[in-house]
$ cat my_file_15.csv   # CSV, C-alpha atoms
chain,number,residue,atom,x,y,z
A,7,MET,CA,-2.1,-43.5,21.6
A,8,ARG,CA,0.3,-43.2,18.7
A,9,PRO,CA,0.1,-40.0,16.8
A,10,HIS,CA,-1.0,-39.8,13.1
A,11,VAL,CA,1.3,-38.5,10.3
A,12,VAL,CA,-0.1,-36.6,7.4
A,13,ILE,CA,2.2,-35.9,4.4
A,14,LEU,CA,1.8,-32.9,2.2
A,15,ALA,CA,2.6,-34.3,-1.3
A,16,GLY,CA,0.9,-32.1,-3.9
A,17,GLY,CA,2.5,-30.0,-6.6
A,18,ILE,CA,4.7,-31.0,-9.5
A,19,GLY,CA,7.9,-29.2,-8.5
A,20,SER,CA,8.3,-26.9,-11.5
A,21,ARG,CA,11.7,-25.7,-10.1
A,22,PHE,CA,13.0,-29.1,-11.1
A,23,TRP,CA,11.9,-28.9,-14.7
A,24,PRO,CA,12.5,-30.6,-17.1
A,25,ALA,CA,13.0,-33.7,-14.9
A,26,SER,CA,9.9,-33.0,-12.9
A,27,THR,CA,6.7,-32.9,-14.9
A,28,PRO,CA,3.0,-33.6,-14.2
A,29,ALA,CA,3.6,-37.2,-15.3
A,30,ARG,CA,6.5,-37.6,-12.9
A,31,PRO,CA,6.6,-34.9,-10.2
A,32,LYS,CA,9.7,-34.2,-8.1
A,33,GLN,CA,8.4,-36.4,-5.2
A,34,LEU,CA,9.2,-39.3,-7.5
A,35,LEU,CA,12.8,-38.2,-8.2
A,36,ALA,CA,15.8,-39.4,-6.2
A,37,LEU,CA,16.9,-35.9,-5.4
A,38,GLY,CA,18.2,-36.8,-1.9
A,39,GLY,CA,19.5,-40.4,-1.9
A,40,ASP,CA,19.0,-43.4,-4.1
A,41,ARG,CA,15.2,-43.6,-3.8
A,42,PRO,CA,12.4,-41.2,-4.7
A,43,LEU,CA,11.8,-38.4,-2.1
A,44,ILE,CA,8.3,-39.8,-1.4
A,45,SER,CA,9.7,-43.2,-0.6
A,46,ASP,CA,12.2,-41.8,1.9
A,47,THR,CA,9.4,-39.7,3.5
A,48,LEU,CA,7.2,-42.7,3.9
A,49,THR,CA,10.0,-44.7,5.5
A,50,ARG,CA,10.5,-41.9,8.1
A,51,ALA,CA,6.8,-41.6,8.8
A,52,SER,CA,6.3,-45.4,9.1
A,53,GLU,CA,9.2,-45.8,11.5
A,54,LEU,CA,7.8,-42.9,13.6
A,55,VAL,CA,4.1,-44.0,13.9
A,56,GLY,CA,3.6,-47.3,11.9
A,57,ARG,CA,2.2,-47.6,8.4
A,58,ASP,CA,-1.4,-47.7,9.6
A,59,LYS,CA,-1.1,-44.2,11.0
A,60,VAL,CA,0.2,-42.6,7.8
A,61,ARG,CA,-2.0,-40.5,5.4
A,62,ILE,CA,-0.9,-38.7,2.2
A,63,LEU,CA,-2.6,-35.5,1.3
A,64,VAL,CA,-2.7,-35.4,-2.5
A,65,GLY,CA,-4.9,-35.4,-5.6
A,66,ASN,CA,-6.1,-38.5,-7.2
A,67,ARG,CA,-3.7,-38.4,-10.2
A,68,LEU,CA,-0.6,-38.3,-7.9
A,69,ALA,CA,-2.0,-41.0,-5.6
A,70,LYS,CA,-1.9,-43.4,-8.6
A,71,LEU,CA,1.7,-42.5,-9.3
A,72,PHE,CA,2.7,-42.9,-5.6
A,73,ARG,CA,1.0,-46.4,-5.4
A,74,GLN,CA,3.1,-47.5,-8.4
A,75,ALA,CA,6.3,-46.4,-6.5
A,76,GLU,CA,5.2,-47.9,-3.2
A,77,PRO,CA,2.8,-50.9,-3.9
A,78,TRP,CA,2.1,-51.4,-0.2
A,79,LEU,CA,0.0,-48.2,-0.1
A,80,THR,CA,-3.8,-48.7,-0.1
A,81,ASP,CA,-6.7,-46.4,-0.5
A,82,ASP,CA,-6.8,-45.9,3.3
A,83,HIS,CA,-3.4,-44.3,3.1
A,84,PHE,CA,-4.7,-41.3,1.1
A,85,PHE,CA,-6.8,-38.3,1.9
A,86,LEU,CA,-7.6,-37.2,-1.7
A,87,GLU,CA,-8.1,-33.4,-1.8
A,88,PRO,CA,-10.7,-32.3,-4.2
A,89,LYS,CA,-8.7,-29.3,-5.3
A,90,ALA,CA,-5.5,-27.4,-4.3
A,91,ALA,CA,-6.1,-24.5,-1.9
A,92,GLY,CA,-2.9,-24.1,0.1
A,93,THR,CA,-1.6,-25.8,3.2
A,94,GLY,CA,-4.1,-24.1,5.6
A,95,PRO,CA,-7.3,-25.6,4.1
A,96,VAL,CA,-5.9,-29.1,3.4
A,97,LEU,CA,-4.4,-29.4,6.9
A,98,THR,CA,-7.7,-28.2,8.4
A,99,TRP,CA,-9.5,-30.9,6.4
A,100,ALA,CA,-7.0,-33.6,7.5
A,101,ALA,CA,-7.3,-32.5,11.2
A,102,TYR,CA,-11.1,-32.6,11.0
A,103,ARG,CA,-11.0,-36.2,9.6
A,104,LEU,CA,-8.6,-37.4,12.3
A,105,TRP,CA,-10.6,-35.6,15.0
A,106,GLN,CA,-13.7,-37.4,13.7
A,107,GLU,CA,-11.9,-40.7,14.1
A,108,ASP,CA,-10.5,-39.9,17.5
A,109,PRO,CA,-11.3,-36.6,19.3
A,110,GLU,CA,-7.9,-37.0,21.2
A,111,ALA,CA,-5.9,-37.5,18.0
A,112,THR,CA,-2.4,-35.9,17.7
A,113,MET,CA,-1.3,-35.0,14.2
A,114,ILE,CA,2.2,-34.6,12.7
A,115,SER,CA,2.5,-32.8,9.4
A,116,LEU,CA,5.5,-33.6,7.1
A,117,HIS,CA,6.4,-32.6,3.6
A,118,ALA,CA,7.1,-35.2,0.8
A,119,ASP,CA,10.2,-33.4,-0.5
A,120,HIS,CA,12.5,-33.0,2.5
A,121,VAL,CA,15.9,-34.7,2.9
A,122,ILE,CA,16.5,-35.6,6.6
A,123,SER,CA,19.2,-37.5,8.5
A,124,PRO,CA,19.8,-39.3,10.8
A,125,LEU,CA,16.5,-41.1,11.4
A,126,GLU,CA,17.2,-41.5,15.1
A,127,GLU,CA,17.6,-37.7,15.7
A,128,PHE,CA,14.5,-37.0,13.6
A,129,GLN,CA,12.5,-39.4,15.7
A,130,ALA,CA,13.7,-37.9,18.9
A,131,SER,CA,12.8,-34.4,17.8
A,132,LEU,CA,9.3,-35.4,16.7
A,133,GLU,CA,8.7,-37.2,19.9
A,134,ARG,CA,9.6,-34.0,21.8
A,135,ALA,CA,7.2,-32.1,19.5
A,136,VAL,CA,4.4,-34.5,20.1
A,137,ASP,CA,5.0,-34.4,23.9
A,138,THR,CA,4.9,-30.6,23.8
A,139,ALA,CA,1.7,-30.5,21.8
A,140,GLU,CA,-0.1,-32.9,24.1
A,141,LYS,CA,1.1,-31.6,27.4
A,142,ARG,CA,0.9,-27.9,26.6
A,143,ASN,CA,-1.9,-27.8,24.1
A,144,ALA,CA,0.5,-26.0,21.8
A,145,LEU,CA,0.9,-25.7,18.0
A,146,VAL,CA,4.4,-26.9,17.6
A,147,CYS,CA,6.9,-26.1,14.8
A,148,VAL,CA,10.2,-27.9,14.3
A,149,GLY,CA,12.9,-25.3,13.8
A,150,ILE,CA,16.2,-25.8,12.0
A,151,HIS,CA,19.3,-23.7,13.1
A,152,PRO,CA,20.3,-22.0,9.9
A,153,GLU,CA,23.6,-22.8,8.2
A,154,ARG,CA,23.5,-19.9,5.7
A,155,PRO,CA,21.4,-16.8,5.1
A,156,ASP,CA,19.0,-18.6,2.8
A,157,THR,CA,16.3,-16.3,1.3
A,158,GLY,CA,14.0,-19.2,0.2
A,159,TYR,CA,13.0,-20.2,3.7
A,160,GLY,CA,10.7,-18.7,6.4
A,161,TYR,CA,12.3,-17.8,9.7
A,162,ILE,CA,11.0,-17.9,13.3
A,163,ARG,CA,12.4,-15.7,16.0
A,164,LEU,CA,12.7,-17.7,19.2
A,165,GLY,CA,11.4,-16.6,22.6
A,166,ASP,CA,11.9,-18.0,26.0
A,167,GLU,CA,12.7,-21.6,26.7
A,168,SER,CA,9.6,-23.5,27.9
A,169,ALA,CA,11.3,-27.0,28.2
A,170,PRO,CA,14.7,-28.4,27.3
A,171,GLY,CA,15.0,-28.0,23.5
A,172,VAL,CA,11.7,-26.1,23.2
A,173,ARG,CA,11.2,-22.4,22.8
A,174,THR,CA,8.2,-20.1,22.4
A,175,ALA,CA,7.7,-18.6,19.0
A,176,ARG,CA,8.1,-14.8,19.2
A,177,ARG,CA,7.6,-13.9,15.5
A,178,PHE,CA,7.5,-15.4,12.0
A,179,GLU,CA,9.4,-13.8,9.1
A,180,GLU,CA,8.6,-14.9,5.6
A,181,LYS,CA,11.5,-15.3,3.1
A,182,PRO,CA,13.6,-12.2,4.0
A,183,ASP,CA,16.0,-10.6,1.6
A,184,ARG,CA,19.7,-11.5,1.9
A,185,ALA,CA,20.6,-8.6,4.2
A,186,ARG,CA,17.9,-9.4,6.7
A,187,ALA,CA,18.6,-13.2,6.5
A,188,SER,CA,22.3,-12.5,7.3
A,189,THR,CA,21.2,-10.5,10.3
A,190,TYR,CA,18.9,-13.3,11.5
A,191,VAL,CA,21.6,-15.9,11.1
A,192,ALA,CA,24.3,-13.8,12.9
A,193,SER,CA,21.9,-13.1,15.8
A,194,GLY,CA,21.5,-16.7,16.8
A,195,GLU,CA,17.8,-15.9,17.7
A,196,TYR,CA,16.2,-17.3,14.6
A,197,VAL,CA,15.6,-20.8,13.1
A,198,TRP,CA,14.3,-21.8,9.7
A,199,ASN,CA,10.7,-22.8,9.7
A,200,SER,CA,11.0,-26.4,8.4
A,201,GLY,CA,7.2,-26.8,7.7
A,202,ILE,CA,7.2,-29.8,10.1
A,203,PHE,CA,4.5,-29.5,12.7
A,204,ALA,CA,2.7,-31.3,15.5
A,205,TRP,CA,-0.5,-30.5,17.3
A,206,ARG,CA,-3.6,-32.1,18.8
A,207,ALA,CA,-6.3,-32.0,16.0
A,208,ALA,CA,-8.8,-30.4,18.4
A,209,ASP,CA,-6.4,-27.6,19.3
A,210,PHE,CA,-5.6,-26.9,15.7
A,211,LEU,CA,-9.3,-26.8,14.7
A,212,ALA,CA,-10.0,-24.4,17.6
A,213,ALA,CA,-7.3,-22.1,16.4
A,214,VAL,CA,-8.7,-22.2,12.9
A,215,ARG,CA,-12.2,-21.3,14.1
A,216,GLU,CA,-10.9,-18.4,16.2
A,217,LEU,CA,-8.2,-17.0,14.0
A,218,THR,CA,-8.7,-18.0,10.3
A,219,PRO,CA,-11.9,-16.6,8.7
A,220,GLU,CA,-10.5,-17.6,5.3
A,221,ILE,CA,-11.1,-21.2,6.4
A,222,SER,CA,-13.5,-21.2,9.3
A,223,ALA,CA,-16.5,-19.8,7.2
A,224,ALA,CA,-16.4,-23.1,5.2
A,225,LEU,CA,-16.1,-25.5,8.2
A,226,PRO,CA,-19.9,-26.2,8.2
A,227,HIS,CA,-19.4,-28.0,4.9
A,228,LEU,CA,-17.1,-30.4,6.6
A,229,GLU,CA,-19.6,-30.9,9.4
A,230,ARG,CA,-22.2,-31.8,6.7
A,231,GLY,CA,-19.7,-34.2,5.1
A,232,ASP,CA,-19.1,-32.2,2.0
A,233,PRO,CA,-15.4,-31.6,1.5
A,234,VAL,CA,-15.9,-30.5,-2.2
A,235,ALA,CA,-18.0,-27.5,-1.0
A,236,PHE,CA,-15.5,-26.8,1.7
A,237,PHE,CA,-12.6,-26.5,-0.8
A,238,ASP,CA,-14.8,-24.5,-3.1
A,239,GLN,CA,-15.5,-21.9,-0.4
A,240,VAL,CA,-12.2,-21.5,1.4
A,241,ILE,CA,-9.8,-18.7,0.5
A,242,PRO,CA,-6.4,-20.3,-0.4
A,243,ILE,CA,-3.9,-19.6,2.4
A,244,SER,CA,-0.8,-21.2,3.9
A,245,VAL,CA,-1.0,-22.7,7.4
A,246,ASP,CA,1.8,-20.4,8.5
A,247,VAL,CA,0.1,-17.2,7.5
A,248,GLY,CA,-3.5,-18.3,8.3
A,249,VAL,CA,-2.9,-19.9,11.7
A,250,LEU,CA,0.6,-20.0,13.1
A,251,GLU,CA,1.4,-16.3,12.7
A,252,ARG,CA,-1.9,-15.4,14.4
A,253,ALA,CA,-1.7,-17.8,17.3
A,254,ASP,CA,-0.2,-17.2,20.7
A,255,ASN,CA,0.3,-20.8,21.7
A,256,VAL,CA,3.0,-21.7,19.1
A,257,GLU,CA,6.2,-23.4,20.4
A,258,VAL,CA,9.3,-24.4,18.6
A,259,VAL,CA,11.3,-27.6,19.0
A,260,GLU,CA,14.9,-27.0,18.0
A,261,ALA,CA,15.8,-29.9,15.6
A,262,THR,CA,18.9,-32.0,16.2
A,263,PHE,CA,18.8,-33.6,12.8
A,264,GLU,CA,20.1,-32.4,9.4
A,265,TRP,CA,17.4,-31.0,7.0
A,266,ASP,CA,17.2,-29.8,3.5
A,267,ASP,CA,14.1,-28.5,1.7
A,268,VAL,CA,15.3,-29.5,-1.8
A,269,GLY,CA,13.5,-26.5,-3.3
A,270,SER,CA,15.5,-26.2,-6.6
A,271,TRP,CA,18.3,-27.7,-8.6
A,272,GLY,CA,20.8,-25.8,-6.4
A,273,ALA,CA,19.9,-28.2,-3.6
A,274,ILE,CA,21.7,-31.0,-5.5
A,275,GLY,CA,24.9,-29.2,-4.4
A,276,ARG,CA,24.0,-30.1,-0.8
A,277,THR,CA,22.4,-33.5,-1.2
A,278,LYS,CA,24.8,-35.2,-3.7
A,279,PRO,CA,28.5,-35.7,-3.3
A,280,ALA,CA,31.0,-33.4,-5.2
A,281,ASP,CA,34.1,-34.4,-7.2
A,282,SER,CA,37.4,-32.8,-6.6
A,283,ASP,CA,36.4,-29.7,-8.7
A,284,GLY,CA,33.1,-29.2,-6.8
A,285,ASN,CA,30.9,-30.6,-9.5
A,286,HIS,CA,27.8,-32.6,-8.5
A,287,VAL,CA,26.9,-35.2,-11.2
A,288,VAL,CA,23.9,-37.5,-11.4
A,289,GLY,CA,23.9,-39.8,-14.5
A,290,SER,CA,26.3,-40.0,-17.4
A,291,ALA,CA,28.6,-37.0,-17.9
A,292,SER,CA,32.2,-36.0,-18.8
A,293,LEU,CA,33.6,-32.8,-17.4
A,294,ARG,CA,36.9,-31.3,-18.4
A,295,GLU,CA,38.3,-28.1,-17.0
A,296,ALA,CA,34.9,-27.6,-15.4
A,297,SER,CA,34.1,-26.6,-11.8
A,298,ASP,CA,31.1,-25.9,-9.5
A,299,ASN,CA,28.6,-27.4,-11.9
A,300,ILE,CA,25.4,-29.4,-11.3
A,301,VAL,CA,24.6,-32.1,-13.9
A,302,TRP,CA,21.5,-34.3,-14.0
A,303,SER,CA,21.5,-36.6,-17.0
A,304,GLU,CA,18.8,-39.2,-17.5
A,305,ASP,CA,19.1,-39.7,-21.3
A,306,GLY,CA,22.5,-39.9,-23.0
A,307,ARG,CA,25.7,-38.2,-21.9
A,308,VAL,CA,26.4,-34.6,-21.0
A,309,VAL,CA,29.8,-33.1,-21.8
A,310,LEU,CA,31.0,-29.9,-20.1
A,311,PHE,CA,34.2,-28.1,-21.1
A,312,ASP,CA,35.8,-25.0,-19.7
A,313,VAL,CA,32.7,-23.8,-17.8
A,314,GLU,CA,31.8,-23.2,-14.2
A,315,GLY,CA,28.7,-22.5,-12.1
A,316,LEU,CA,26.2,-24.1,-14.5
A,317,VAL,CA,23.2,-26.3,-14.0
A,318,VAL,CA,22.6,-28.7,-16.9
A,319,VAL,CA,19.6,-31.0,-16.9
A,320,ARG,CA,18.9,-33.5,-19.6
A,321,SER,CA,15.6,-35.4,-19.4
A,322,GLY,CA,13.6,-36.9,-22.2
A,323,ASP,CA,13.6,-34.6,-25.2
A,324,GLN,CA,14.4,-31.5,-23.1
A,325,THR,CA,17.7,-30.0,-22.1
A,326,LEU,CA,18.0,-27.1,-19.6
A,327,VAL,CA,21.2,-25.0,-19.3
A,328,THR,CA,21.2,-22.2,-16.7
A,329,SER,CA,23.4,-20.7,-14.0
A,330,ARG,CA,23.2,-21.8,-10.5
A,331,GLY,CA,21.6,-18.5,-9.7
A,332,GLY,CA,19.1,-18.8,-12.6
A,333,ALA,CA,18.0,-22.2,-11.3
A,334,GLU,CA,16.4,-20.4,-8.3
A,335,ARG,CA,14.1,-18.6,-10.7
A,336,LEU,CA,13.2,-21.6,-12.8
A,337,LYS,CA,9.5,-21.5,-11.9
A,338,GLU,CA,9.2,-18.1,-13.6
A,339,LEU,CA,10.6,-19.7,-16.8
A,340,VAL,CA,8.3,-22.7,-16.7
A,341,ASP,CA,5.3,-20.4,-16.2
A,342,GLN,CA,6.3,-18.4,-19.2
A,343,LEU,CA,6.8,-21.5,-21.4
A,344,GLU,CA,3.4,-22.9,-20.4
A,345,ASN,CA,1.8,-19.6,-21.2
A,346,GLU,CA,3.4,-19.5,-24.6
A,347,ALA,CA,2.3,-23.1,-25.3
A,348,ARG,CA,-1.3,-22.2,-24.4
A,349,HIS,CA,-1.2,-19.3,-26.9

$ encode --input "my_file_15.csv" --output "structure tokens"
Amino acid sequence: MRPHVVILAGGIGSRFWPASTPARPKQLLALGGDRPLISDTLTRASELVGRDKVRILVGNRLAKLFRQAEPWLTDDHFFLEPKAAGTGPVLTWAAYRLWQEDPEATMISLHADHVISPLEEFQASLERAVDTAEKRNALVCVGIHPERPDTGYGYIRLGDESAPGVRTARRFEEKPDRARASTYVASGEYVWNSGIFAWRAADFLAAVRELTPEISAALPHLERGDPVAFFDQVIPISVDVGVLERADNVEVVEATFEWDDVGSWGAIGRTKPADSDGNHVVGSASLREASDNIVWSEDGRVVLFDVEGLVVVRSGDQTLVTSRGGAERLKELVDQLENEARH
């Protein structure tokens, strides 16, 4: 049978403020290509398993926005989570629902904010991941060979080869500092944890029951058909920390496709083309004696003169100017601004 795809699509992407807001989260921004991130993700998922096997994990408000962007989506394409509680609980809930529909169901988990190419290599890697999950009863991660010592990603230390292109997972390392990240990249023994997973729903639920008390204590609520009570009782936790780091049947498919997490404005420097001075511009802008800048202009024109290494975002009535390094810490600023507004 064809596997199911679930897409993690919650959150507003505060690191892309002011363009990303609750009314238009980053999943609806064209940060990778010419279409919104969610549209590209849905295309990949549909090509992989068919539209009828795709489910989006999201709250009710965002579901309405996604349906406006992709009118073919129906109510059946959404698993509407009652509240946000981290990837561990929501993927457990999704696995339980799919297992109820089909006790032999296999589940692929994708994120709505990745930039991936080419499609053919993505499909080949995910087919290998599904095959590994089904034949070896494994929890499978898709790993990306790192191109730089990025401190924003989790890393997985690879173990022995269990099949061509598949390795056991020896250890997970969450967002190391730059020195450790550089060591990991130089060693050739680590991959980035892409957050793309595949497993049999039954195997994942068994791991949750055995290894994740933060979630397993609330499973009786799902058995009684009460997801609201389930989400109220669980302790928020990521699937990486709550399940994968504790399991001994985790395997890693080494991806053959190009991947980017698009986690902050700095990613535009990787997903959008540069001019001869290394500037990456989306929208209307004039740059003179300017280099290595990122410009996103939705309203009016941005003019830069005699500057370098800036991120300038103009959206609605807000304008952000920061350094490329400061863009990585933008969530801190947004949290501060929201706190000031409340007071």

$ residues_around --input "my_file_15.csv" --residues "region 53-63 of chain A" --least-positions-apart "2" --cutoff "7 Å" --atoms "all atoms listed in the file" --output "list in words"
Arg8, Pro9, His10, Val11, Val12, Ile13, Leu14, Ala15, Thr49, Arg50, Ala51, His83, Phe84, Phe85, Leu86, Glu87 and Gln129 of chain A

$ closest_atom_pairs --input "my_file_15.csv" --of "region 223-293 of chain A" --to "region 157-181 of chain A" --cutoff "12 Å" --atoms "all atoms listed in the file" --output "JSON lines"
{"residue": "A:Ser244", "atom": "CA", "partner": "A:Glu180", "partner_atom": "CA", "distance": 11.4}
{"residue": "A:Asp246", "atom": "CA", "partner": "A:Phe178", "partner_atom": "CA", "distance": 8.4}
{"residue": "A:Val247", "atom": "CA", "partner": "A:Phe178", "partner_atom": "CA", "distance": 8.8}
{"residue": "A:Gly248", "atom": "CA", "partner": "A:Phe178", "partner_atom": "CA", "distance": 12.0}
{"residue": "A:Val249", "atom": "CA", "partner": "A:Phe178", "partner_atom": "CA", "distance": 11.3}
{"residue": "A:Leu250", "atom": "CA", "partner": "A:Phe178", "partner_atom": "CA", "distance": 8.4}
{"residue": "A:Glu251", "atom": "CA", "partner": "A:Phe178", "partner_atom": "CA", "distance": 6.2}
{"residue": "A:Arg252", "atom": "CA", "partner": "A:Arg177", "partner_atom": "CA", "distance": 9.7}
{"residue": "A:Ala253", "atom": "CA", "partner": "A:Ala175", "partner_atom": "CA", "distance": 9.6}
{"residue": "A:Asp254", "atom": "CA", "partner": "A:Ala175", "partner_atom": "CA", "distance": 8.2}
{"residue": "A:Asn255", "atom": "CA", "partner": "A:Thr174", "partner_atom": "CA", "distance": 8.0}
{"residue": "A:Val256", "atom": "CA", "partner": "A:Ala175", "partner_atom": "CA", "distance": 5.6}
{"residue": "A:Glu257", "atom": "CA", "partner": "A:Thr174", "partner_atom": "CA", "distance": 4.3}
{"residue": "A:Val258", "atom": "CA", "partner": "A:Arg173", "partner_atom": "CA", "distance": 5.0}
{"residue": "A:Val259", "atom": "CA", "partner": "A:Val172", "partner_atom": "CA", "distance": 4.5}
{"residue": "A:Glu260", "atom": "CA", "partner": "A:Gly171", "partner_atom": "CA", "distance": 5.6}
{"residue": "A:Ala261", "atom": "CA", "partner": "A:Gly171", "partner_atom": "CA", "distance": 8.2}
{"residue": "A:Thr262", "atom": "CA", "partner": "A:Gly171", "partner_atom": "CA", "distance": 9.2}
{"residue": "A:Asp266", "atom": "CA", "partner": "A:Tyr159", "partner_atom": "CA", "distance": 10.5}
{"residue": "A:Asp267", "atom": "CA", "partner": "A:Tyr159", "partner_atom": "CA", "distance": 8.6}
{"residue": "A:Val268", "atom": "CA", "partner": "A:Gly158", "partner_atom": "CA", "distance": 10.6}
{"residue": "A:Gly269", "atom": "CA", "partner": "A:Gly158", "partner_atom": "CA", "distance": 8.1}
{"residue": "A:Ser270", "atom": "CA", "partner": "A:Gly158", "partner_atom": "CA", "distance": 9.9}
{"residue": "A:Gly272", "atom": "CA", "partner": "A:Gly158", "partner_atom": "CA", "distance": 11.5}
{"residue": "A:Ala273", "atom": "CA", "partner": "A:Gly158", "partner_atom": "CA", "distance": 11.4}

$ residues_near_point --input "my_file_15.csv" --point "(13.2, -34.9, -23.1)" --cutoff "10 Å" --atoms "all atoms listed in the file" --output "PyMOL selection string"
chain A and resi 24-25+304-305+319-326

$ closest_residue --input "my_file_15.csv" --among "A:Trp99, A:Leu79, A:Asp119, A:Asp46" --to "Gly16 (chain A)" --atoms "only C-alpha atoms"
A:Asp119

$ closest_residue --input "my_file_15.csv" --among "A:Lys32, A:Arg142, A:His120, A:His151" --to "Glu195 (chain A)" --atoms "only C-alpha atoms"
A:His151

$ atom_distance --input "my_file_15.csv" --atom1 "CA of Val240 (chain A)" --atom2 "CA of Pro95 (chain A)"
6.9 Å

$ closest_residue --input "my_file_15.csv" --among "A:Asn143, A:Ser193, A:Asn199, A:Ser45" --to "Phe72 (chain A)" --atoms "only C-alpha atoms"
A:Ser45

$ closest_residue --input "my_file_15.csv" --among "A:Ser303, A:Ser297, A:Ser26, A:Thr277" --to "Asp40 (chain A)" --atoms "all atoms listed in the file"
A:Thr277

$ residues_around --input "my_file_15.csv" --residues "Leu293 (chain A)" --least-positions-apart "6" --cutoff "7 Å" --atoms "all atoms listed in the file" --output "list in words"
Val309, Leu310 and Phe311 of chain A

$ write_last_selection --input "my_file_15.csv" --atoms "C-alpha atoms" --output "compact mmCIF listing (two decimals), in the coordinates of the input"
# COMPACT_ATOMS: atom_id res chain seq x y z
CA VAL A 309 29.80 -33.10 -21.80
CA LEU A 310 31.00 -29.90 -20.10
CA PHE A 311 34.20 -28.10 -21.10

$ atom_distance --input "my_file_15.csv" --atom1 "CA of Gly17 (chain A)" --atom2 "CA of Gly92 (chain A)"
10.4 Å

$ closest_residue --input "my_file_15.csv" --among "A:Lys337, A:Arg134, A:Lys141, A:Arg184" --to "Arg154 (chain A)" --atoms "all atoms listed in the file"
A:Arg184
